[in-house]
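A.B. asks: I have a structure here, written as structure tokens, and I will follow up with some questions on it.
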Amino acid sequence: MIQIKRILNTILKYRTSSVLTLFSLVVSFVGIIILTLYVSFEKSFDRFHENGASVYRLETKEYGSSVPAAISDIIQKNVPEIEKICILNFNNGKISTPALEQTNSGFRSDMLFVSDSFFDLFSFPLLSGNPQTALTDPYSAVLTETYAKKLFGQANALGESVLIDNAVYKVTGILKDFPKNSSVEADFLTSFSTLTSKNLNGANNWSEWSFNIFTKLRDNADPVATADKIEKIDIVAENVKDMKAHFPNQPFITLRPLEDIHFVNDGKFAYVNPVILNVLVLLTLVLTIMGAVNFINFSTSQAPLRAKALSVLQVLGGKRLSSMAQIVAESVILSVTALLLSLVIYWLSYSHIETMFDISGLSMASRPWFVLWFVLFAVGFGILAGLYPARYITSSPLAQSVKGHIRFSGKGKNFRNTLITTQFIFTIALLAAAFVIEKQLNFWQNFDLGINKEHVVYMNTTNVLRDHSQALANELMKNENIGDYTYSQFIPGNVGMGWGREVDGQYIQLMCWPVDDRFLDFFGIKIADGRGFSKDSKADINTFILNKKAVEKFGWTNPLERQISGFDFMGQIVGVAENINFASLKDEVGPMQFWRTDTRKNNLILRLKPGNYTQTMAFIQNTANKFDPKNQFEVKFLDDALNKLYDKEKRMSRFIEFVALWCMLLAVTGLLGLIIFICRDRIKEIGIRKVNGATIAEVVTMLNRDIVRWVLVAFVLATPFAWYAMTKWLESFAYKTSLSWWIFALAGLLALGIALLTVSWQSWKAATRNPVEALRYE
Amino acid sequence: MIHLNNIDKYYDSKFQRTFVLKAVNLEIKDGEFVSIMGPSGSGKSTLLNIIGLLDTPSAGEYSLYDKSVLDLKEKAKVDYHRNFMGFIFQAYHLIEEMTVYENIETPLIYKGVKSKDRQAMVADLLDRFNMVAKKDLFPQQLSGGQQQLVGIARAIIGKPKLLLADEPTGNLQSVQGEMIMETLKALNDEGMTIIQVTHNEKFAGYGKRIIRLEDGIVRKDVKNV
């Protein structure tokens, strides 16, 4: 009890140091808590499946996880190592009930066609229904709890009928909502037999590479050997022969463990960039180190004051060890207090942080044991961070300490300087990284996509509107604020149809973009070879225009003489267009063709005259409603849709930038503490120098000179490190900004500026003090 | 040289005004050696600090060579410290992280003296004080008397006209104290004006004039022959 009281007294006595320590520990711990929770959430993805360890996703070198469904039966028949196999097909559709259909309402939702073995591979518990049979029959649907409630007002919807894209499905099961840490996610499941029974979505075609296949291997089966076996099945080998030729001397078919799929981006499954996770782990480490640095700096700064009191205790018979124990105990108490404060701050802020950066997984609700981990961490941190100061403070020779002549070796000061320099290395590197990230985001924003996207808006159409597409366009063009229009299945940035075709014996893969006759002119896309689609003529229907990249990639010298098969036609290639960036700038432009058709006018794209946007957009909506009163329409800016492509990057980058700033807060606190204590320790020296003719400016310069030196050293050490890291980061993008020297100079200058601002206030205060006070003889 | 006219120094607390110095009038001429004596709390050090421009009086006039030095700008004050006066303290107040040589050199750096000249000047003084062998030692490696010698060396390296000494022998044994006083006397003989504050009657006797303070008032001001 007395011990604890003495420790609390000490903490209160060295108030400046305690407050600074507590503050920087809280800053550090809040960051550590949030990053740890986030990273461990992402790392926990897909780990909850009972059979998870033996489940693998089938992948090919060419198209990743997208494979033809037809391969499934062949594998099952020929490879005994595979116990079960499950096909997944991601889709979206409008779901409603007969009752909801009366009012023409329903929900656009993510649906997932899956084989009946789904629940054997994946552990998603059913609230009702039989997992063995629920997905066996065609037109069976298993709803998530949320969707059952949404559609029927209650979870008990077993046996009811639902309408999915106007087809009637029977509800055969209710599924507990997918856990947040599942890569496989949908609003409801539908039976894959629905597709095979009518060969929908190309479920029976070898050319339709858009399905996902998961396999459950038997015990002791080797995934590498199994994949090799699959590749060697005659019919498989025959079908992948051409593609395999692109990847000589390496396995073409691979099996990826279920637990790894969250870290591979393929557009369908929830994905996180593993590099970013590693960066966040690194930042957690940085936060820990910086917190510890401040802690050690602040407590060793108290050494001259503390040593006297503690040495008196030793003279009275206390052991050095007990003095050390007291210092360590203080540090544990401070550390645990800081952790409790941090938990409160975390508790109050985590949902805001989730919204701000569009991340999830910060909640501790499903894993309360993390609190225990954090407490243990804080105790360990307190002990480890307290040991050095404990040794240091009790290291002054006893006889002198008692007299008040505290003498510490210069080592301690050098160590403190090294620590501060370390903090600035982190700070400068992180600042530079933040600048590079900003520059890259900016670069994407201002990139010339090769299309004229000024003042462009778009609107999703409905069947009714498509039936009246020309009349609607004519009506809209009467408004003088609308300059031009075109119909297309996709808007730029969201081209979502991939074709695999055999052309003159050569297998090719390219994106296909169905457009009307006005499209190329509308966006100002230039023709490099051949001609554009002819206007107002049906003659060009079902012809193609390739982009240059396609011609290049396929190695065609005579593209205009070739034909590519469509769904039920052979389409002539009439022209070659200049490349445009039709997808995200993260990737290179791939092979693509425009398909001239009037059957896929899913989007109406319009160019407005500048000004009066709100009014004009309302006019477009109203006009659409005149043609189709049953549906709601929304007109959106193309720019917004394009920017959305980088949403994830942007939010993640902001998150990292935020952590960078957070680290800087720690560095600044550390520096502030250090300069306060330096000024305190040198106050006599400052007085002497002033009496001997030093001006205030000279004293401030003297105090700041060291800081400038540390920041410069930090700058020199941080720059190559940051340069390397950011080069690596940029390498992952197809279109990237340059790493200019000024980014690093700016980071260094900013760090220097902030450091000088922090210390100057203190050193000015110390320099302007009357030397008489400092030099008075006590 | 120094002209103090009706100098008051007081501190106001809630109900009363406490005087540290009251109506002090003092005239000190070039080349004098003045000892200020008095019991603890009589205002000796405060008077010395005011003369040394480290403290400001609450009322009264203070001029050096007929020039008022109250309300000086920082720059002018620093100028006086660099070129006109030097200080010696009871606790020596040497900078512990610096060698003897560096300590002595410091004022010259602030004065802007060139490195070559500094070397010569410091060497001369070390020679004069017989401390050449000790120039690379740190203060804590010296005896008190030697430390104070370094203090004196530092105070006079800039060739000030006025040397202010606050109990320069207070921490020293009598033999070493005497050595310090002999040094001061020698400096005075060379023409330097010296004002010292001291408790020690014997060392006060080195002064040519003794001023006795009591409760902030000058009680006696006598020539010492």
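Each chain in the structure tokens gets a letter, A, B, ..., in the order shown, and its residues are numbered from 1; ligands are numbered from 1 in order too.
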Find the residues around region 167-175 of chain B up to 12 Å (only C-alpha atoms counted), leave out those fewer than 5 positions away in its own chain, and share them as a PDB file with N, CA and C atoms, in the first residue's frame.
C.D. replies:
ATOM      1  N   ARG A 776      21.654  32.156  -9.135  1.00  0.00           N
ATOM      2  CA  ARG A 776      21.610  32.417  -7.692  1.00  0.00           C
ATOM      3  C   ARG A 776      22.238  31.231  -6.979  1.00  0.00           C
ATOM      4  N   TYR A 777      22.991  31.554  -5.930  1.00  0.00           N
ATOM      5  CA  TYR A 777      23.650  30.450  -5.223  1.00  0.00           C
ATOM      6  C   TYR A 777      22.713  29.867  -4.189  1.00  0.00           C
ATOM      7  N   GLU A 778      22.444  28.550  -4.296  1.00  0.00           N
ATOM      8  CA  GLU A 778      21.542  27.948  -3.305  1.00  0.00           C
ATOM      9  C   GLU A 778      22.368  27.331  -2.183  1.00  0.00           C
TER      10      GLU A 778
ATOM     11  N   SER B  35      34.459  47.002  -1.901  1.00  0.00           N
ATOM     12  CA  SER B  35      33.900  45.816  -1.267  1.00  0.00           C
ATOM     13  C   SER B  35      32.552  46.172  -0.678  1.00  0.00           C
ATOM     14  N   ILE B  36      31.522  45.398  -1.019  1.00  0.00           N
ATOM     15  CA  ILE B  36      30.209  45.616  -0.429  1.00  0.00           C
ATOM     16  C   ILE B  36      29.993  44.541   0.616  1.00  0.00           C
ATOM     17  N   MET B  37      29.713  44.991   1.845  1.00  0.00           N
ATOM     18  CA  MET B  37      29.521  44.031   2.925  1.00  0.00           C
ATOM     19  C   MET B  37      28.135  44.194   3.506  1.00  0.00           C
ATOM     20  N   GLY B  38      27.766  43.164   4.286  1.00  0.00           N
ATOM     21  CA  GLY B  38      26.475  43.258   4.962  1.00  0.00           C
ATOM     22  C   GLY B  38      25.958  41.880   5.253  1.00  0.00           C
ATOM     23  N   SER B  40      23.286  38.626   5.526  1.00  0.00           N
ATOM     24  CA  SER B  40      22.457  37.984   4.512  1.00  0.00           C
ATOM     25  C   SER B  40      21.150  38.760   4.349  1.00  0.00           C
ATOM     26  N   LYS B  44      22.983  43.040  -0.895  1.00  0.00           N
ATOM     27  CA  LYS B  44      24.270  43.158  -1.569  1.00  0.00           C
ATOM     28  C   LYS B  44      24.225  42.638  -3.003  1.00  0.00           C
ATOM     29  N   SER B  45      23.727  41.382  -3.088  1.00  0.00           N
ATOM     30  CA  SER B  45      23.737  40.756  -4.409  1.00  0.00           C
ATOM     31  C   SER B  45      22.816  41.488  -5.364  1.00  0.00           C
ATOM     32  N   LEU B  48      24.568  44.392  -6.691  1.00  0.00           N
ATOM     33  CA  LEU B  48      25.565  43.994  -7.685  1.00  0.00           C
ATOM     34  C   LEU B  48      24.905  43.628  -9.016  1.00  0.00           C
ATOM     35  N   PHE B  87      31.886  38.973 -14.976  1.00  0.00           N
ATOM     36  CA  PHE B  87      31.291  38.487 -13.723  1.00  0.00           C
ATOM     37  C   PHE B  87      32.077  37.311 -13.147  1.00  0.00           C
ATOM     38  N   ILE B  88      32.162  37.299 -11.794  1.00  0.00           N
ATOM     39  CA  ILE B  88      32.659  36.116 -11.097  1.00  0.00           C
ATOM     40  C   ILE B  88      31.605  35.717 -10.061  1.00  0.00           C
ATOM     41  N   PHE B  89      31.389  34.400  -9.915  1.00  0.00           N
ATOM     42  CA  PHE B  89      30.346  33.951  -8.994  1.00  0.00           C
ATOM     43  C   PHE B  89      30.919  33.091  -7.888  1.00  0.00           C
ATOM     44  N   GLN B  90      30.179  33.044  -6.783  1.00  0.00           N
ATOM     45  CA  GLN B  90      30.583  32.209  -5.660  1.00  0.00           C
ATOM     46  C   GLN B  90      30.709  30.742  -6.103  1.00  0.00           C
ATOM     47  N   ALA B  91      29.726  30.270  -6.918  1.00  0.00           N
ATOM     48  CA  ALA B  91      29.718  28.850  -7.331  1.00  0.00           C
ATOM     49  C   ALA B  91      30.475  28.651  -8.638  1.00  0.00           C
ATOM     50  N   TYR B  92      31.304  29.614  -8.992  1.00  0.00           N
ATOM     51  CA  TYR B  92      32.159  29.598 -10.202  1.00  0.00           C
ATOM     52  C   TYR B  92      31.336  29.614 -11.493  1.00  0.00           C
ATOM     53  N   HIS B  93      30.271  28.782 -11.530  1.00  0.00           N
ATOM     54  CA  HIS B  93      29.415  28.727 -12.715  1.00  0.00           C
ATOM     55  C   HIS B  93      30.203  28.532 -14.003  1.00  0.00           C
ATOM     56  N   SER B 143      40.528  21.909  -8.395  1.00  0.00           N
ATOM     57  CA  SER B 143      40.164  22.333  -7.047  1.00  0.00           C
ATOM     58  C   SER B 143      39.318  23.591  -7.151  1.00  0.00           C
ATOM     59  N   GLY B 144      38.635  23.934  -6.033  1.00  0.00           N
ATOM     60  CA  GLY B 144      37.781  25.115  -6.042  1.00  0.00           C
ATOM     61  C   GLY B 144      38.527  26.372  -6.429  1.00  0.00           C
ATOM     62  N   GLY B 145      39.732  26.536  -5.862  1.00  0.00           N
ATOM     63  CA  GLY B 145      40.492  27.738  -6.153  1.00  0.00           C
ATOM     64  C   GLY B 145      40.842  27.827  -7.630  1.00  0.00           C
ATOM     65  N   GLN B 146      41.215  26.666  -8.171  1.00  0.00           N
ATOM     66  CA  GLN B 146      41.557  26.674  -9.597  1.00  0.00           C
ATOM     67  C   GLN B 146      40.340  26.973 -10.444  1.00  0.00           C
ATOM     68  N   GLN B 147      39.187  26.422 -10.022  1.00  0.00           N
ATOM     69  CA  GLN B 147      37.965  26.700 -10.773  1.00  0.00           C
ATOM     70  C   GLN B 147      37.669  28.194 -10.764  1.00  0.00           C
ATOM     71  N   GLN B 148      37.883  28.802  -9.587  1.00  0.00           N
ATOM     72  CA  GLN B 148      37.585  30.227  -9.529  1.00  0.00           C
ATOM     73  C   GLN B 148      38.570  31.027 -10.373  1.00  0.00           C
ATOM     74  N   LEU B 149      39.806  30.544 -10.433  1.00  0.00           N
ATOM     75  CA  LEU B 149      40.775  31.207 -11.301  1.00  0.00           C
ATOM     76  C   LEU B 149      40.293  31.185 -12.742  1.00  0.00           C
ATOM     77  N   VAL B 150      39.761  30.013 -13.139  1.00  0.00           N
ATOM     78  CA  VAL B 150      39.210  29.910 -14.493  1.00  0.00           C
ATOM     79  C   VAL B 150      38.058  30.905 -14.642  1.00  0.00           C
ATOM     80  N   GLY B 151      37.223  30.995 -13.560  1.00  0.00           N
ATOM     81  CA  GLY B 151      36.112  31.950 -13.588  1.00  0.00           C
ATOM     82  C   GLY B 151      36.616  33.361 -13.816  1.00  0.00           C
ATOM     83  N   ILE B 152      37.719  33.715 -13.118  1.00  0.00           N
ATOM     84  CA  ILE B 152      38.267  35.063 -13.284  1.00  0.00           C
ATOM     85  C   ILE B 152      38.806  35.252 -14.698  1.00  0.00           C
ATOM     86  N   ALA B 155      36.129  35.910 -16.934  1.00  0.00           N
ATOM     87  CA  ALA B 155      35.523  37.220 -16.749  1.00  0.00           C
ATOM     88  C   ALA B 155      36.363  38.330 -17.357  1.00  0.00           C
ATOM     89  N   ILE B 180      42.996  34.112  -4.627  1.00  0.00           N
ATOM     90  CA  ILE B 180      42.045  34.762  -5.518  1.00  0.00           C
ATOM     91  C   ILE B 180      42.063  36.275  -5.286  1.00  0.00           C
ATOM     92  N   MET B 181      42.102  36.678  -4.000  1.00  0.00           N
ATOM     93  CA  MET B 181      42.069  38.107  -3.699  1.00  0.00           C
ATOM     94  C   MET B 181      43.321  38.796  -4.227  1.00  0.00           C
ATOM     95  N   GLU B 182      44.482  38.097  -4.113  1.00  0.00           N
ATOM     96  CA  GLU B 182      45.713  38.673  -4.652  1.00  0.00           C
ATOM     97  C   GLU B 182      45.572  38.892  -6.155  1.00  0.00           C
ATOM     98  N   THR B 183      44.929  37.919  -6.783  1.00  0.00           N
ATOM     99  CA  THR B 183      44.738  38.041  -8.220  1.00  0.00           C
ATOM    100  C   THR B 183      43.885  39.269  -8.544  1.00  0.00           C
ATOM    101  N   LEU B 184      42.805  39.424  -7.757  1.00  0.00           N
ATOM    102  CA  LEU B 184      41.930  40.575  -8.009  1.00  0.00           C
ATOM    103  C   LEU B 184      42.680  41.882  -7.773  1.00  0.00           C
ATOM    104  N   ILE B 194      36.863  47.190  -9.783  1.00  0.00           N
ATOM    105  CA  ILE B 194      36.327  45.935  -9.258  1.00  0.00           C
ATOM    106  C   ILE B 194      35.311  46.237  -8.175  1.00  0.00           C
ATOM    107  N   ILE B 195      34.171  45.556  -8.254  1.00  0.00           N
ATOM    108  CA  ILE B 195      33.217  45.621  -7.156  1.00  0.00           C
ATOM    109  C   ILE B 195      32.991  44.199  -6.684  1.00  0.00           C
ATOM    110  N   GLN B 196      33.256  43.960  -5.396  1.00  0.00           N
ATOM    111  CA  GLN B 196      33.022  42.611  -4.887  1.00  0.00           C
ATOM    112  C   GLN B 196      32.040  42.644  -3.732  1.00  0.00           C
ATOM    113  N   VAL B 197      31.239  41.600  -3.669  1.00  0.00           N
ATOM    114  CA  VAL B 197      30.367  41.399  -2.513  1.00  0.00           C
ATOM    115  C   VAL B 197      31.016  40.317  -1.684  1.00  0.00           C
ATOM    116  N   THR B 198      31.112  40.559  -0.360  1.00  0.00           N
ATOM    117  CA  THR B 198      31.759  39.534   0.470  1.00  0.00           C
ATOM    118  C   THR B 198      31.248  39.570   1.899  1.00  0.00           C
ATOM    119  N   HIS B 199      31.389  38.439   2.559  1.00  0.00           N
ATOM    120  CA  HIS B 199      31.063  38.322   3.975  1.00  0.00           C
ATOM    121  C   HIS B 199      32.304  38.470   4.824  1.00  0.00           C
ATOM    122  N   ASN B 200      33.429  38.284   4.180  1.00  0.00           N
ATOM    123  CA  ASN B 200      34.679  38.083   4.889  1.00  0.00           C
ATOM    124  C   ASN B 200      35.396  39.411   5.114  1.00  0.00           C
ATOM    125  N   GLU B 201      35.531  39.792   6.411  1.00  0.00           N
ATOM    126  CA  GLU B 201      36.128  41.083   6.762  1.00  0.00           C
ATOM    127  C   GLU B 201      37.529  41.228   6.179  1.00  0.00           C
ATOM    128  N   LYS B 202      38.283  40.110   6.287  1.00  0.00           N
ATOM    129  CA  LYS B 202      39.676  40.160   5.866  1.00  0.00           C
ATOM    130  C   LYS B 202      39.780  40.416   4.361  1.00  0.00           C
ATOM    131  N   PHE B 203      38.944  39.653   3.612  1.00  0.00           N
ATOM    132  CA  PHE B 203      39.002  39.817   2.162  1.00  0.00           C
ATOM    133  C   PHE B 203      38.408  41.144   1.718  1.00  0.00           C
ATOM    134  N   ALA B 204      37.457  41.646   2.548  1.00  0.00           N
ATOM    135  CA  ALA B 204      36.899  42.963   2.223  1.00  0.00           C
ATOM    136  C   ALA B 204      37.991  44.008   2.283  1.00  0.00           C
TER     137      ALA B 204
END
A.B. asks: Select, as a list in words, those residues of chain A with any atom no more than 8 Å from chain B (distances computed using only C-alpha atoms).
C.D. replies: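 So the contacting residues turn out to be Lys684, Glu685, Ile688, Arg689, Lys690, Val691, Asn692, Gly693, Ala694, Thr695, Asn770, Pro771, Val772, Leu775 and Tyr777 of chain A.
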A.B. asks: As a PyMOL selection string, please: all residues of chain B that backbone DSSP puts in helix (DSSP H, G or I).
C.D. replies: chain B and resi 44-51+74-83+100-111+115-128+132-134+139-141+144-156+174-189+201-204
A.B. asks: Could you find all residues in region 2-212 of chain B that DSSP calls strand (DSSP E or B) from the backbone, and write them as JSON, numbers by chain?
C.D. replies: {"B": [2, 3, 4, 5, 6, 7, 8, 9, 10, 11, 12, 17, 18, 19, 20, 21, 22, 23, 24, 25, 26, 27, 28, 33, 34, 35, 36, 37, 59, 60, 61, 62, 63, 64, 67, 68, 85, 86, 87, 88, 89, 162, 163, 164, 165, 166, 193, 194, 195, 196, 197, 209, 210, 211, 212]}
A.B. asks: Please provide as a PyMOL selection string all residues within 12 Å of Ala203 (chain A), with the sequence filter that same-chain residues fewer than 2 positions apart are discarded (counting only C-alpha atoms).
C.D. replies: chain A and resi 67-73+87-89+113-115+192-201+205-212
A.B. asks: Could you save the residues just selected, with N, CA and C atoms, as a PDB file, in the first residue's frame?
C.D. replies:
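Final output, saved to selection.pdb:
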ATOM      1  N   VAL A  67     -13.060 -19.611 -64.248  1.00  0.00           N
ATOM      2  CA  VAL A  67     -12.887 -20.842 -65.027  1.00  0.00           C
ATOM      3  C   VAL A  67     -14.236 -21.244 -65.611  1.00  0.00           C
ATOM      4  N   PRO A  68     -14.240 -22.105 -66.635  1.00  0.00           N
ATOM      5  CA  PRO A  68     -15.520 -22.586 -67.149  1.00  0.00           C
ATOM      6  C   PRO A  68     -16.139 -23.615 -66.210  1.00  0.00           C
ATOM      7  N   ALA A  69     -17.458 -23.544 -66.055  1.00  0.00           N
ATOM      8  CA  ALA A  69     -18.135 -24.474 -65.148  1.00  0.00           C
ATOM      9  C   ALA A  69     -18.024 -25.906 -65.661  1.00  0.00           C
ATOM     10  N   ALA A  70     -17.897 -26.041 -66.975  1.00  0.00           N
ATOM     11  CA  ALA A  70     -17.907 -27.369 -67.588  1.00  0.00           C
ATOM     12  C   ALA A  70     -16.763 -28.249 -67.096  1.00  0.00           C
ATOM     13  N   ILE A  71     -15.693 -27.616 -66.604  1.00  0.00           N
ATOM     14  CA  ILE A  71     -14.524 -28.384 -66.168  1.00  0.00           C
ATOM     15  C   ILE A  71     -14.820 -29.201 -64.911  1.00  0.00           C
ATOM     16  N   SER A  72     -15.830 -28.762 -64.168  1.00  0.00           N
ATOM     17  CA  SER A  72     -16.111 -29.347 -62.864  1.00  0.00           C
ATOM     18  C   SER A  72     -16.390 -30.849 -62.924  1.00  0.00           C
ATOM     19  N   ASP A  73     -17.340 -31.255 -63.800  1.00  0.00           N
ATOM     20  CA  ASP A  73     -17.696 -32.682 -63.895  1.00  0.00           C
ATOM     21  C   ASP A  73     -16.498 -33.530 -64.278  1.00  0.00           C
ATOM     22  N   ILE A  87     -19.321 -25.250 -57.526  1.00  0.00           N
ATOM     23  CA  ILE A  87     -19.209 -24.160 -58.499  1.00  0.00           C
ATOM     24  C   ILE A  87     -19.926 -22.929 -57.941  1.00  0.00           C
ATOM     25  N   LEU A  88     -19.308 -21.772 -58.116  1.00  0.00           N
ATOM     26  CA  LEU A  88     -19.928 -20.513 -57.694  1.00  0.00           C
ATOM     27  C   LEU A  88     -20.061 -19.602 -58.901  1.00  0.00           C
ATOM     28  N   ASN A  89     -21.196 -18.906 -58.986  1.00  0.00           N
ATOM     29  CA  ASN A  89     -21.367 -17.942 -60.070  1.00  0.00           C
ATOM     30  C   ASN A  89     -21.986 -16.672 -59.497  1.00  0.00           C
ATOM     31  N   PHE A 113     -25.071 -18.144 -57.456  1.00  0.00           N
ATOM     32  CA  PHE A 113     -25.462 -19.509 -57.803  1.00  0.00           C
ATOM     33  C   PHE A 113     -24.399 -20.451 -57.269  1.00  0.00           C
ATOM     34  N   VAL A 114     -24.814 -21.479 -56.517  1.00  0.00           N
ATOM     35  CA  VAL A 114     -23.833 -22.423 -55.967  1.00  0.00           C
ATOM     36  C   VAL A 114     -24.324 -23.852 -56.120  1.00  0.00           C
ATOM     37  N   SER A 115     -23.372 -24.793 -56.215  1.00  0.00           N
ATOM     38  CA  SER A 115     -23.721 -26.212 -56.301  1.00  0.00           C
ATOM     39  C   SER A 115     -24.259 -26.691 -54.958  1.00  0.00           C
ATOM     40  N   PHE A 192     -27.251 -23.963 -58.308  1.00  0.00           N
ATOM     41  CA  PHE A 192     -26.537 -23.930 -59.588  1.00  0.00           C
ATOM     42  C   PHE A 192     -27.254 -24.765 -60.649  1.00  0.00           C
ATOM     43  N   SER A 193     -28.014 -25.763 -60.191  1.00  0.00           N
ATOM     44  CA  SER A 193     -28.747 -26.603 -61.142  1.00  0.00           C
ATOM     45  C   SER A 193     -29.734 -25.765 -61.961  1.00  0.00           C
ATOM     46  N   THR A 194     -30.122 -24.594 -61.420  1.00  0.00           N
ATOM     47  CA  THR A 194     -30.980 -23.688 -62.180  1.00  0.00           C
ATOM     48  C   THR A 194     -30.310 -23.323 -63.505  1.00  0.00           C
ATOM     49  N   LEU A 195     -29.003 -23.070 -63.441  1.00  0.00           N
ATOM     50  CA  LEU A 195     -28.267 -22.649 -64.634  1.00  0.00           C
ATOM     51  C   LEU A 195     -28.054 -23.814 -65.588  1.00  0.00           C
ATOM     52  N   THR A 196     -27.603 -24.961 -65.037  1.00  0.00           N
ATOM     53  CA  THR A 196     -27.288 -26.096 -65.907  1.00  0.00           C
ATOM     54  C   THR A 196     -28.548 -26.642 -66.569  1.00  0.00           C
ATOM     55  N   SER A 197     -29.676 -26.561 -65.876  1.00  0.00           N
ATOM     56  CA  SER A 197     -30.897 -27.139 -66.437  1.00  0.00           C
ATOM     57  C   SER A 197     -31.273 -26.445 -67.737  1.00  0.00           C
ATOM     58  N   LYS A 198     -30.924 -25.159 -67.871  1.00  0.00           N
ATOM     59  CA  LYS A 198     -31.317 -24.458 -69.110  1.00  0.00           C
ATOM     60  C   LYS A 198     -30.115 -23.849 -69.826  1.00  0.00           C
ATOM     61  N   ASN A 199     -28.924 -24.272 -69.425  1.00  0.00           N
ATOM     62  CA  ASN A 199     -27.684 -23.713 -69.963  1.00  0.00           C
ATOM     63  C   ASN A 199     -27.700 -22.180 -69.939  1.00  0.00           C
ATOM     64  N   LEU A 200     -28.059 -21.624 -68.788  1.00  0.00           N
ATOM     65  CA  LEU A 200     -28.043 -20.170 -68.619  1.00  0.00           C
ATOM     66  C   LEU A 200     -26.616 -19.725 -68.291  1.00  0.00           C
ATOM     67  N   ASN A 201     -26.336 -18.456 -68.565  1.00  0.00           N
ATOM     68  CA  ASN A 201     -25.033 -17.859 -68.254  1.00  0.00           C
ATOM     69  C   ASN A 201     -23.858 -18.647 -68.817  1.00  0.00           C
ATOM     70  N   ASN A 205     -20.825 -24.217 -71.254  1.00  0.00           N
ATOM     71  CA  ASN A 205     -19.886 -23.923 -72.338  1.00  0.00           C
ATOM     72  C   ASN A 205     -18.446 -23.883 -71.845  1.00  0.00           C
ATOM     73  N   TRP A 206     -17.547 -24.469 -72.629  1.00  0.00           N
ATOM     74  CA  TRP A 206     -16.132 -24.394 -72.300  1.00  0.00           C
ATOM     75  C   TRP A 206     -15.578 -22.996 -72.519  1.00  0.00           C
ATOM     76  N   SER A 207     -16.260 -22.187 -73.319  1.00  0.00           N
ATOM     77  CA  SER A 207     -15.706 -20.869 -73.638  1.00  0.00           C
ATOM     78  C   SER A 207     -16.086 -19.804 -72.606  1.00  0.00           C
ATOM     79  N   GLU A 208     -16.915 -20.151 -71.672  1.00  0.00           N
ATOM     80  CA  GLU A 208     -17.393 -19.138 -70.726  1.00  0.00           C
ATOM     81  C   GLU A 208     -16.559 -19.175 -69.448  1.00  0.00           C
ATOM     82  N   TRP A 209     -15.506 -18.388 -69.438  1.00  0.00           N
ATOM     83  CA  TRP A 209     -14.600 -18.380 -68.285  1.00  0.00           C
ATOM     84  C   TRP A 209     -15.064 -17.361 -67.259  1.00  0.00           C
ATOM     85  N   SER A 210     -16.142 -17.664 -66.554  1.00  0.00           N
ATOM     86  CA  SER A 210     -16.639 -16.681 -65.599  1.00  0.00           C
ATOM     87  C   SER A 210     -17.143 -17.335 -64.316  1.00  0.00           C
ATOM     88  N   PHE A 211     -16.794 -18.621 -64.119  1.00  0.00           N
ATOM     89  CA  PHE A 211     -17.264 -19.306 -62.903  1.00  0.00           C
ATOM     90  C   PHE A 211     -16.103 -19.516 -61.941  1.00  0.00           C
ATOM     91  N   ASN A 212     -16.474 -19.787 -60.680  1.00  0.00           N
ATOM     92  CA  ASN A 212     -15.448 -20.094 -59.688  1.00  0.00           C
ATOM     93  C   ASN A 212     -15.667 -21.508 -59.197  1.00  0.00           C
TER      94      ASN A 212
END
A.B. asks: Would you kindly return, as a PyMOL selection string, each protein, DNA or RNA residue with an atom no farther than 9 Å from any atom of Asp639 (chain A), considering only C-alpha atoms and excluding same-chain residues fewer than 2 positions away?
C.D. replies: chain A and resi 453-457+636-637+641-644
A.B. asks: Which distance in Å separates CA of Thr337 (chain A) and CA of Thr288 (chain A), to one decimal?
C.D. replies: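 We find that CA of Thr337 (chain A) and CA of Thr288 (chain A) lie 16.0 Å from each other.
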A.B. asks: List the neighbours of Tyr38 (chain A) out to 12 Å using only C-alpha atoms; skip same-chain residues closer than 6 positions along the sequence, and give me the result as number ranges by chain.
C.D. replies: A: 31-32, 44-45, 181, 272, 276-278, 280-281, 284, 350, 353-354, 357-364, 370, 655
A.B. asks: So that I can check the surroundings of Val24 (chain B), please list as a VMD selection string every protein, DNA and RNA residue that reaches within 9 Å of it, counting only C-alpha atoms and ignoring chain neighbours fewer than 3 positions away.
C.D. replies: chain B and resid 4 to 8 21 47 60 216 to 218
A.B. asks: At a cut-off of 10 Å, using only C-alpha atoms, what residues contact Glu259 (chain A)? Leave out same-chain residues fewer than 3 positions from it and give the result as a PyMOL selection string.
C.D. replies: chain A and resi 43-49+52-57+183+256+262-263
A.B. asks: Using CA of Asn25 (chain B) and CA of Lys159 (chain B) as the two end points, give the distance in Å to one decimal.
C.D. replies: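 Between these atoms lies a distance of 27.3 Å.
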